[in-house]
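Have a look at query_31.tsv below; it lists TSV, N, CA and C atoms.
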chain	number	residue	atom	x	y	z
L	1	MET	N	14.81	-0.79	0.77
L	1	MET	CA	15.59	-1.33	-0.31
L	1	MET	C	14.69	-1.40	-1.54
L	2	ARG	N	15.30	-1.38	-2.69
L	2	ARG	CA	14.55	-1.43	-3.95
L	2	ARG	C	14.66	-2.83	-4.55
L	3	LEU	N	13.47	-3.36	-4.93
L	3	LEU	CA	13.35	-4.69	-5.56
L	3	LEU	C	12.52	-4.54	-6.83
L	4	GLN	N	12.44	-5.62	-7.57
L	4	GLN	CA	11.50	-5.72	-8.67
L	4	GLN	C	10.44	-6.73	-8.25
L	5	LEU	N	9.18	-6.32	-8.25
L	5	LEU	CA	8.08	-7.21	-7.89
L	5	LEU	C	7.17	-7.32	-9.11
L	6	ASN	N	7.13	-8.51	-9.67
L	6	ASN	CA	6.34	-8.74	-10.89
L	6	ASN	C	6.67	-7.72	-11.97
L	7	GLY	N	7.96	-7.43	-12.11
L	7	GLY	CA	8.42	-6.54	-13.16
L	7	GLY	C	8.35	-5.06	-12.85
L	8	GLU	N	7.87	-4.70	-11.67
L	8	GLU	CA	7.74	-3.29	-11.29
L	8	GLU	C	8.70	-2.98	-10.13
L	9	PRO	N	9.39	-1.85	-10.20
L	9	PRO	CA	10.26	-1.48	-9.07
L	9	PRO	C	9.42	-1.12	-7.84
L	10	VAL	N	9.84	-1.61	-6.69
L	10	VAL	CA	9.17	-1.28	-5.43
L	10	VAL	C	10.23	-1.00	-4.37
L	11	ASP	N	9.89	-0.12	-3.45
L	11	ASP	CA	10.73	0.14	-2.29
L	11	ASP	C	10.07	-0.53	-1.10
L	12	THR	N	10.87	-1.20	-0.28
L	12	THR	CA	10.33	-1.94	0.85
L	12	THR	C	11.29	-1.91	2.02
L	13	GLU	N	10.72	-2.11	3.19
L	13	GLU	CA	11.50	-2.30	4.41
L	13	GLU	C	11.53	-3.78	4.79
L	14	ALA	N	10.81	-4.62	4.03
L	14	ALA	CA	10.71	-6.05	4.34
L	14	ALA	C	12.08	-6.73	4.22
L	15	ALA	N	12.41	-7.52	5.21
L	15	ALA	CA	13.69	-8.23	5.21
L	15	ALA	C	13.57	-9.64	4.62
L	16	THR	N	12.35	-10.21	4.64
L	16	THR	CA	12.15	-11.57	4.15
L	16	THR	C	11.03	-11.58	3.11
L	17	LEU	N	10.98	-12.66	2.36
L	17	LEU	CA	9.92	-12.79	1.36
L	17	LEU	C	8.55	-12.79	2.03
L	18	GLN	N	8.42	-13.47	3.14
L	18	GLN	CA	7.13	-13.50	3.85
L	18	GLN	C	6.71	-12.11	4.27
L	19	ALA	N	7.63	-11.32	4.79
L	19	ALA	CA	7.32	-9.95	5.21
L	19	ALA	C	6.89	-9.11	4.01
L	20	LEU	N	7.53	-9.31	2.87
L	20	LEU	CA	7.15	-8.57	1.66
L	20	LEU	C	5.73	-8.93	1.24
L	21	LEU	N	5.39	-10.21	1.28
L	21	LEU	CA	4.04	-10.63	0.90
L	21	LEU	C	3.00	-10.02	1.82
L	22	LEU	N	3.28	-9.97	3.11
L	22	LEU	CA	2.35	-9.35	4.05
L	22	LEU	C	2.25	-7.85	3.80
L	23	GLU	N	3.37	-7.21	3.56
L	23	GLU	CA	3.40	-5.78	3.30
L	23	GLU	C	2.60	-5.41	2.04
L	24	ARG	N	2.63	-6.29	1.06
L	24	ARG	CA	1.96	-6.03	-0.22
L	24	ARG	C	0.55	-6.62	-0.27
L	25	ASP	N	0.01	-6.95	0.88
L	25	ASP	CA	-1.38	-7.42	1.03
L	25	ASP	C	-1.69	-8.75	0.36
L	26	TYR	N	-0.70	-9.63	0.26
L	26	TYR	CA	-0.97	-10.99	-0.20
L	26	TYR	C	-1.48	-11.84	0.95
L	27	GLY	N	-1.13	-11.48	2.18
L	27	GLY	CA	-1.64	-12.13	3.38
L	27	GLY	C	-1.74	-13.63	3.28
L	28	ASP	N	-2.97	-14.15	3.34
L	28	ASP	CA	-3.20	-15.59	3.30
L	28	ASP	C	-3.51	-16.10	1.89
L	29	ALA	N	-3.30	-15.28	0.89
L	29	ALA	CA	-3.59	-15.69	-0.50
L	29	ALA	C	-2.72	-16.88	-0.89
L	30	VAL	N	-3.29	-17.77	-1.67
L	30	VAL	CA	-2.54	-18.91	-2.20
L	30	VAL	C	-1.80	-18.42	-3.44
L	31	VAL	N	-0.47	-18.34	-3.32
L	31	VAL	CA	0.35	-17.85	-4.42
L	31	VAL	C	1.59	-18.72	-4.57
L	32	ALA	N	2.17	-18.65	-5.75
L	32	ALA	CA	3.48	-19.26	-5.99
L	32	ALA	C	4.48	-18.11	-6.02
L	33	THR	N	5.67	-18.35	-5.49
L	33	THR	CA	6.68	-17.29	-5.43
L	33	THR	C	8.01	-17.78	-6.00
L	34	ALA	N	8.72	-16.82	-6.59
L	34	ALA	CA	10.07	-17.08	-7.08
L	34	ALA	C	10.92	-15.85	-6.79
L	35	VAL	N	12.18	-16.09	-6.46
L	35	VAL	CA	13.14	-15.01	-6.25
L	35	VAL	C	14.32	-15.28	-7.16
L	36	ASN	N	14.60	-14.32	-8.01
L	36	ASN	CA	15.70	-14.44	-8.97
L	36	ASN	C	15.59	-15.72	-9.80
L	37	GLY	N	14.35	-16.04	-10.19
L	37	GLY	CA	14.12	-17.19	-11.07
L	37	GLY	C	14.04	-18.53	-10.38
L	38	ARG	N	14.15	-18.57	-9.06
L	38	ARG	CA	14.10	-19.84	-8.33
L	38	ARG	C	12.82	-19.91	-7.50
L	39	PHE	N	12.09	-21.00	-7.67
L	39	PHE	CA	10.86	-21.23	-6.92
L	39	PHE	C	11.16	-21.24	-5.42
L	40	VAL	N	10.29	-20.59	-4.65
L	40	VAL	CA	10.42	-20.56	-3.19
L	40	VAL	C	9.13	-21.15	-2.61
L	41	PRO	N	9.18	-22.36	-2.02
L	41	PRO	CA	7.98	-22.94	-1.43
L	41	PRO	C	7.53	-22.14	-0.22
L	42	GLY	N	6.24	-22.21	0.08
L	42	GLY	CA	5.65	-21.47	1.18
L	42	GLY	C	6.41	-21.55	2.49
L	43	PRO	N	6.76	-22.75	2.95
L	43	PRO	CA	7.44	-22.85	4.24
L	43	PRO	C	8.81	-22.17	4.29
L	44	ALA	N	9.42	-21.92	3.14
L	44	ALA	CA	10.76	-21.31	3.11
L	44	ALA	C	10.71	-19.78	3.05
L	45	ARG	N	9.55	-19.19	2.86
L	45	ARG	CA	9.45	-17.74	2.66
L	45	ARG	C	9.88	-16.94	3.88
L	46	ALA	N	9.60	-17.44	5.07
L	46	ALA	CA	9.96	-16.70	6.30
L	46	ALA	C	11.47	-16.63	6.49
L	47	ASP	N	12.19	-17.60	5.97
L	47	ASP	CA	13.64	-17.65	6.14
L	47	ASP	C	14.42	-17.05	4.98
L	48	LEU	N	13.73	-16.75	3.88
L	48	LEU	CA	14.42	-16.24	2.70
L	48	LEU	C	14.67	-14.73	2.84
L	49	LYS	N	15.92	-14.37	3.03
L	49	LYS	CA	16.29	-12.96	3.18
L	49	LYS	C	16.33	-12.30	1.81
L	50	LEU	N	15.78	-11.10	1.74
L	50	LEU	CA	15.78	-10.33	0.49
L	50	LEU	C	17.01	-9.43	0.44
L	51	ASN	N	17.46	-9.18	-0.79
L	51	ASN	CA	18.60	-8.31	-1.04
L	51	ASN	C	18.22	-7.25	-2.06
L	52	PRO	N	18.81	-6.06	-1.98
L	52	PRO	CA	18.51	-5.04	-2.98
L	52	PRO	C	18.69	-5.59	-4.40
L	53	GLY	N	17.75	-5.27	-5.26
L	53	GLY	CA	17.83	-5.70	-6.65
L	53	GLY	C	17.23	-7.06	-6.93
L	54	ASP	N	16.78	-7.78	-5.90
L	54	ASP	CA	16.17	-9.09	-6.13
L	54	ASP	C	14.97	-8.97	-7.06
L	55	LEU	N	14.77	-9.99	-7.88
L	55	LEU	CA	13.64	-10.06	-8.79
L	55	LEU	C	12.62	-11.02	-8.19
L	56	ILE	N	11.48	-10.50	-7.75
L	56	ILE	CA	10.45	-11.29	-7.09
L	56	ILE	C	9.28	-11.48	-8.04
L	57	GLU	N	8.81	-12.71	-8.15
L	57	GLU	CA	7.60	-13.00	-8.92
L	57	GLU	C	6.58	-13.63	-7.98
L	58	VAL	N	5.36	-13.13	-8.02
L	58	VAL	CA	4.26	-13.67	-7.22
L	58	VAL	C	3.13	-13.97	-8.20
L	59	LEU	N	2.74	-15.24	-8.25
L	59	LEU	CA	1.68	-15.68	-9.17
L	59	LEU	C	0.54	-16.28	-8.40
L	60	ALA	N	-0.66	-15.85	-8.73
L	60	ALA	CA	-1.87	-16.39	-8.11
L	60	ALA	C	-2.61	-17.24	-9.14
L	61	PRO	N	-3.19	-18.38	-8.72
L	61	PRO	CA	-3.94	-19.20	-9.66
L	61	PRO	C	-5.18	-18.46	-10.14
L	62	MET	N	-5.55	-18.71	-11.38
L	62	MET	CA	-6.75	-18.09	-11.93
L	62	MET	C	-7.87	-19.11	-11.96
L	63	GLN	N	-9.09	-18.64	-11.73
L	63	GLN	CA	-10.25	-19.51	-11.79
L	63	GLN	C	-11.07	-19.16	-13.01
L	64	GLY	N	-11.86	-20.09	-13.41
L	64	GLY	CA	-12.71	-19.84	-14.56
L	64	GLY	C	-12.65	-21.00	-15.52
L	65	GLY	N	-13.32	-20.85	-16.59
L	65	GLY	CA	-13.30	-21.98	-17.48
L	65	GLY	C	-13.88	-21.64	-18.78
Translate this file's structure into structure tokens.
Amino acid sequence: MRLQLNGEPVDTEAATLQALLLERDYGDAVVATAVNGRFVPGPARADLKLNPGDLIEVLAPMQGG
């Protein structure tokens, strides 16, 4: 299915947000996620089913000062 991930079109076989994160090598990274503009907490990612055309945002905290 085709999604938008951080503004870029991607094709995926992932059925859930968690599967997409694993597929895209986010693995154990600490990230914030949103689907179609709604925040998705970490524990809910495994249950969140993806649909064609979903807009996914993945944000990682930046370090530095």
Among listed residues L:Leu55, L:Met62, L:Ala44, L:Leu22, nearest Arg2 in chain L (using only N, CA and C atoms) = L:Leu55
key: Residue among L:Tyr26, L:Val35, L:Asp54, L:Gln63 lying closest to Leu3 in chain L, counting all atoms listed in the file   =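 Of all the options, L:Asp54 lies closest to Leu3 in chain L.
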request  = Report the residues of chain L whose backbone DSSP state falls under alpha helix (DSSP H), written as a PyMOL selection string.
outcome  = chain L and resi 17-23
task = Enter the distance from CA of Gly53 in chain L to atom N of Glu13 in chain L, in Å, rounded to one decimal.
result =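 Result for CA of Gly53 in chain L versus atom N of Glu13 in chain L: 12.7 Å, one decimal.
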task = Tell me, as a ChimeraX atom specification, which residues lie within 10 Å of Gly42 in chain L, counting only C-alpha atoms; anything in the same chain fewer than 5 positions away does not count.
result = /L:17-18,30-33
Length of the atom N of Gly27 in chain L to CA of Leu5 in chain L vector [Å] = 14.3 Å
ask   = Nearest to Thr12 in chain L: which of L:Ala29, L:Leu50, L:Leu59, L:Val40 is it, counting only C-alpha atoms?
value = L:Leu50
remark   = Between L:Arg45, L:Pro52, L:Ala19, L:Arg24, smallest distance to Asn6 in chain L by only C-alpha atoms belongs to L:Arg24
ask   = Separation of CA of Asn36 in chain L and CA of Asp11 in chain L, in Å?
value =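 About the pair CA of Asn36 in chain L and CA of Asp11 in chain L: they are 16.8 Å apart.
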Take every atom of range 15-26 of chain L listed in the file, pad by 3 Å on each side, and give me the axis-aligned box centre and edge lengths in Å, one decimal, as lines of an AutoDock Vina configuration file.
center_x = 6.0
center_y = -9.5
center_z = 2.5
size_x = 21.4
size_y = 14.1
size_z = 11.5
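Using only C-alpha atoms, the smallest distance between any of L:Leu20, L:Val58, L:Val10, L:Met1 and Phe39 in chain L comes from L:Val58.
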